[in-house]
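Right, one structure below, let's go through it.
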Amino acid sequence: MTSPTAPTRPRRLSLLQPTGHLTLGNYLGALRPMAGQQAHADCFYGLADLHSLTVSHDPSTLRATVAEQATTLLAVGLDESTLFLQSRVPTHAQLSYLLECVATTGELGRMIQFKEKSRAGESTRASLLTYPVLMAADILLYRPEQVPVGDDQRQHLELTRDLAMRFNSAYGPVFVVPEATVPAVGARVMDLAVPTSKMSKTGSTEAGAVRLLDPPDVVRRKVARAVTDNDVGPDAVRADRAAKPGVTNLLDVLGACGGSAAGLSTYGALKRAVTDAIVAELEPVQKRYAELARDPAHVAAVFAQGAERARAVTEPVLAAATAAIGL
Ligand code: TRP
């Protein structure tokens, strides 16, 4: 008889980089789908605080951002996941060093994100070059078979696969080579002011991004000023990504927040419906956030427990890599 192995749920892993304030785009595109994964996967979700040190940073801003995002992860209902701060799970930095010994400066220098962030003549931190190696460590430590990543992280996932295969063939089969998958259906929310670029916590202007914690009057103001177009025809309210990117984005947001555009014929009416839908969608999250923010010790305890489990799960993988490489 074969030994009874408990049916294990697939592992899901994702880290968010704590910079800026989380937006409606992050919520609809990432956080809400992450919460949905909990029913069928063993989820590990982290804040990549070490990655936030790869560009010029302010310690107190970073601390505040980490606290806000940690509280937000709980507020959106990720309490069935293992939540952790990357810096509190030392195996991440430890494995990153071993992987630096299989990565080459040439391939790291060719990463698009490195090239973009390192231009502009400013001095570049060495950690920006090794950023994708730390990300590879984040992933390989958990042996997930699939990693959902957006387009901007695809090249890093490709590098992760390369490093895993190179390590395995040089030193022995330590790592599971993960496959990149398309993230669970989440809406792709565009900037309200520049509807051809993605709503972003760092790249968007104040007016272009609805923050997860924006109060209703701020949501109303931002949506009221959202870019539409000059079409005043009877069917002005319709989706057409190429010709009407602003209107199309508002319709997407409305749908993603459970609203309907049926019977809406003016942009004014559309914007009121979008505002109401966003406010209703965010209300329970903001309420929960306010409760949790009053109890920071609880949030800290959840993350401390998560870090402990993350350490326990990843230590054997680090140990196997350490032994294989000859230490
Ligand atoms: N680099 C990712 C981003 O900017 C964040 C990240 C770090 C990540 N480590 C990861 C994402 C591991 C997925 C898996 O979005």
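Here's how to read the names in the structure tokens: chain A, B, ... by the order shown, residue numbers from 1 in each chain, ligand numbers from 1 in the order shown.
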Please give me, as a compact mmCIF listing (two decimals) with C-alpha atoms, in the first residue's frame, the residues lying within 6 Å of ligand 1 when counting only C-alpha atoms and all ligand atoms.
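Written file, out.txt:
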# COMPACT_ATOMS: atom_id res chain seq x y z
CA SER A 14 2.24 36.58 -3.94
CA LEU A 15 4.07 39.53 -2.48
CA LEU A 16 3.11 43.17 -2.70
CA GLN A 17 5.71 45.83 -2.56
CA ALA A 48 8.05 42.70 0.07
CA MET A 135 12.01 37.75 -5.96
CA ASP A 138 10.57 34.59 -2.52
CA ILE A 139 9.02 32.20 -5.01
List as number ranges by chain the protein and nucleic acid residues near range 23-38 of chain A, meaning an atom at most 7 Å away when only C-alpha atoms are counted, but skip any in the same chain fewer than 2 places from it. A: 21, 40-43, 77-78, 80-81, 184-189, 199-201, 209-212
Selection from above, N, CA and C atoms, as a PDB file, in the first residue's frame, can you write it?
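Listing of result.pdb after writing:
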ATOM      1  N   HIS A  21       0.058  54.257  -1.542  1.00  0.00           N
ATOM      2  CA  HIS A  21      -1.211  53.839  -0.939  1.00  0.00           C
ATOM      3  C   HIS A  21      -1.929  52.904  -1.901  1.00  0.00           C
ATOM      4  N   HIS A  40      -9.603  27.544  -2.273  1.00  0.00           N
ATOM      5  CA  HIS A  40      -9.051  26.317  -2.855  1.00  0.00           C
ATOM      6  C   HIS A  40      -7.543  26.232  -2.867  1.00  0.00           C
ATOM      7  N   ALA A  41      -6.866  27.155  -2.199  1.00  0.00           N
ATOM      8  CA  ALA A  41      -5.403  27.070  -2.181  1.00  0.00           C
ATOM      9  C   ALA A  41      -4.878  27.420  -0.795  1.00  0.00           C
ATOM     10  N   ASP A  42      -3.673  26.931  -0.522  1.00  0.00           N
ATOM     11  CA  ASP A  42      -2.967  27.292   0.707  1.00  0.00           C
ATOM     12  C   ASP A  42      -2.165  28.542   0.354  1.00  0.00           C
ATOM     13  N   CYS A  43      -2.641  29.699   0.817  1.00  0.00           N
ATOM     14  CA  CYS A  43      -2.101  30.965   0.314  1.00  0.00           C
ATOM     15  C   CYS A  43      -1.072  31.583   1.249  1.00  0.00           C
ATOM     16  N   GLY A  77      -9.943  40.717   4.057  1.00  0.00           N
ATOM     17  CA  GLY A  77     -10.407  39.349   4.332  1.00  0.00           C
ATOM     18  C   GLY A  77      -9.389  38.259   4.065  1.00  0.00           C
ATOM     19  N   LEU A  78      -8.101  38.601   4.120  1.00  0.00           N
ATOM     20  CA  LEU A  78      -7.089  37.564   3.881  1.00  0.00           C
ATOM     21  C   LEU A  78      -6.703  36.824   5.160  1.00  0.00           C
ATOM     22  N   GLU A  80      -7.521  33.976   6.201  1.00  0.00           N
ATOM     23  CA  GLU A  80      -7.284  32.523   6.114  1.00  0.00           C
ATOM     24  C   GLU A  80      -5.953  32.211   5.445  1.00  0.00           C
ATOM     25  N   SER A  81      -5.205  33.247   5.105  1.00  0.00           N
ATOM     26  CA  SER A  81      -3.909  33.062   4.449  1.00  0.00           C
ATOM     27  C   SER A  81      -2.796  33.181   5.472  1.00  0.00           C
ATOM     28  N   ALA A 184      -5.740  35.306 -11.387  1.00  0.00           N
ATOM     29  CA  ALA A 184      -7.187  35.066 -11.287  1.00  0.00           C
ATOM     30  C   ALA A 184      -7.918  36.308 -11.776  1.00  0.00           C
ATOM     31  N   VAL A 185      -9.002  36.051 -12.526  1.00  0.00           N
ATOM     32  CA  VAL A 185      -9.689  37.186 -13.146  1.00  0.00           C
ATOM     33  C   VAL A 185      -9.887  38.353 -12.194  1.00  0.00           C
ATOM     34  N   GLY A 186      -9.206  39.412 -12.494  1.00  0.00           N
ATOM     35  CA  GLY A 186      -9.374  40.641 -11.741  1.00  0.00           C
ATOM     36  C   GLY A 186      -9.516  41.743 -12.757  1.00  0.00           C
ATOM     37  N   ALA A 187     -10.248  42.764 -12.386  1.00  0.00           N
ATOM     38  CA  ALA A 187     -10.421  43.858 -13.338  1.00  0.00           C
ATOM     39  C   ALA A 187      -9.117  44.614 -13.509  1.00  0.00           C
ATOM     40  N   ARG A 188      -8.876  45.087 -14.701  1.00  0.00           N
ATOM     41  CA  ARG A 188      -7.721  45.934 -14.941  1.00  0.00           C
ATOM     42  C   ARG A 188      -8.238  47.368 -14.934  1.00  0.00           C
ATOM     43  N   VAL A 189      -7.951  48.072 -13.857  1.00  0.00           N
ATOM     44  CA  VAL A 189      -8.496  49.424 -13.695  1.00  0.00           C
ATOM     45  C   VAL A 189      -7.486  50.448 -14.196  1.00  0.00           C
ATOM     46  N   MET A 199      -4.122  52.274 -13.400  1.00  0.00           N
ATOM     47  CA  MET A 199      -4.191  52.979 -12.111  1.00  0.00           C
ATOM     48  C   MET A 199      -3.117  52.375 -11.220  1.00  0.00           C
ATOM     49  N   SER A 200      -2.257  53.244 -10.666  1.00  0.00           N
ATOM     50  CA  SER A 200      -1.105  52.710  -9.952  1.00  0.00           C
ATOM     51  C   SER A 200      -0.884  53.448  -8.645  1.00  0.00           C
ATOM     52  N   LYS A 201      -0.348  52.727  -7.640  1.00  0.00           N
ATOM     53  CA  LYS A 201      -0.139  53.373  -6.346  1.00  0.00           C
ATOM     54  C   LYS A 201       1.054  54.302  -6.364  1.00  0.00           C
ATOM     55  N   ALA A 209      -6.121  58.229  -9.278  1.00  0.00           N
ATOM     56  CA  ALA A 209      -6.250  56.966  -8.558  1.00  0.00           C
ATOM     57  C   ALA A 209      -7.175  57.109  -7.352  1.00  0.00           C
ATOM     58  N   VAL A 210      -8.194  56.262  -7.278  1.00  0.00           N
ATOM     59  CA  VAL A 210      -9.021  56.187  -6.072  1.00  0.00           C
ATOM     60  C   VAL A 210      -8.284  55.286  -5.099  1.00  0.00           C
ATOM     61  N   ARG A 211      -8.029  55.808  -3.916  1.00  0.00           N
ATOM     62  CA  ARG A 211      -7.372  54.971  -2.913  1.00  0.00           C
ATOM     63  C   ARG A 211      -8.414  54.134  -2.191  1.00  0.00           C
ATOM     64  N   LEU A 212      -7.938  52.982  -1.745  1.00  0.00           N
ATOM     65  CA  LEU A 212      -8.816  52.069  -1.021  1.00  0.00           C
ATOM     66  C   LEU A 212      -9.425  52.737   0.215  1.00  0.00           C
TER      67      LEU A 212
END
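One finds CA of Ala164 in chain A at 12.3 Å from CA of Glu145 in chain A.
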Residues near range 256-262 of chain A, anyone? I mean within 8 Å using only C-alpha atoms, not counting same-chain ones fewer than 5 positions away, as a PyMOL selection string. chain A and resi 28+187+251+270+273-274+277-278+281
Go ahead and write the selection's residues with C-alpha atoms as a JSON list (two decimals), in the first residue's frame.
[["chain", "number", "residue", "atom", "x", "y", "z"],
["A", 28, "LEU", "CA", -10.19, 44.92, -7.83],
["A", 187, "ALA", "CA", -10.42, 43.86, -13.34],
["A", 251, "LEU", "CA", -17.99, 50.92, -17.21],
["A", 270, "LEU", "CA", -22.67, 57.08, -15.29],
["A", 273, "ALA", "CA", -23.57, 55.21, -10.59],
["A", 274, "VAL", "CA", -19.83, 54.49, -10.56],
["A", 277, "ALA", "CA", -20.87, 51.36, -6.65],
["A", 278, "ILE", "CA", -17.31, 52.12, -5.51],
["A", 281, "GLU", "CA", -17.82, 48.12, -2.47]]
Residue nearest Ile112 in chain A among A:Arg125, A:Arg88, A:Arg154, A:Arg143 (counting only C-alpha atoms):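 Among the listed residues, A:Arg154 lies closest to Ile112 in chain A.
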So that I can see what lies close to His156 in chain A, please list as a PyMOL selection string the residues with an atom at most 10 Å from it, counting only C-alpha atoms and leaving out residues fewer than 6 positions away in the same chain. chain A and resi 108+111-113+131-133+135-136+149+162
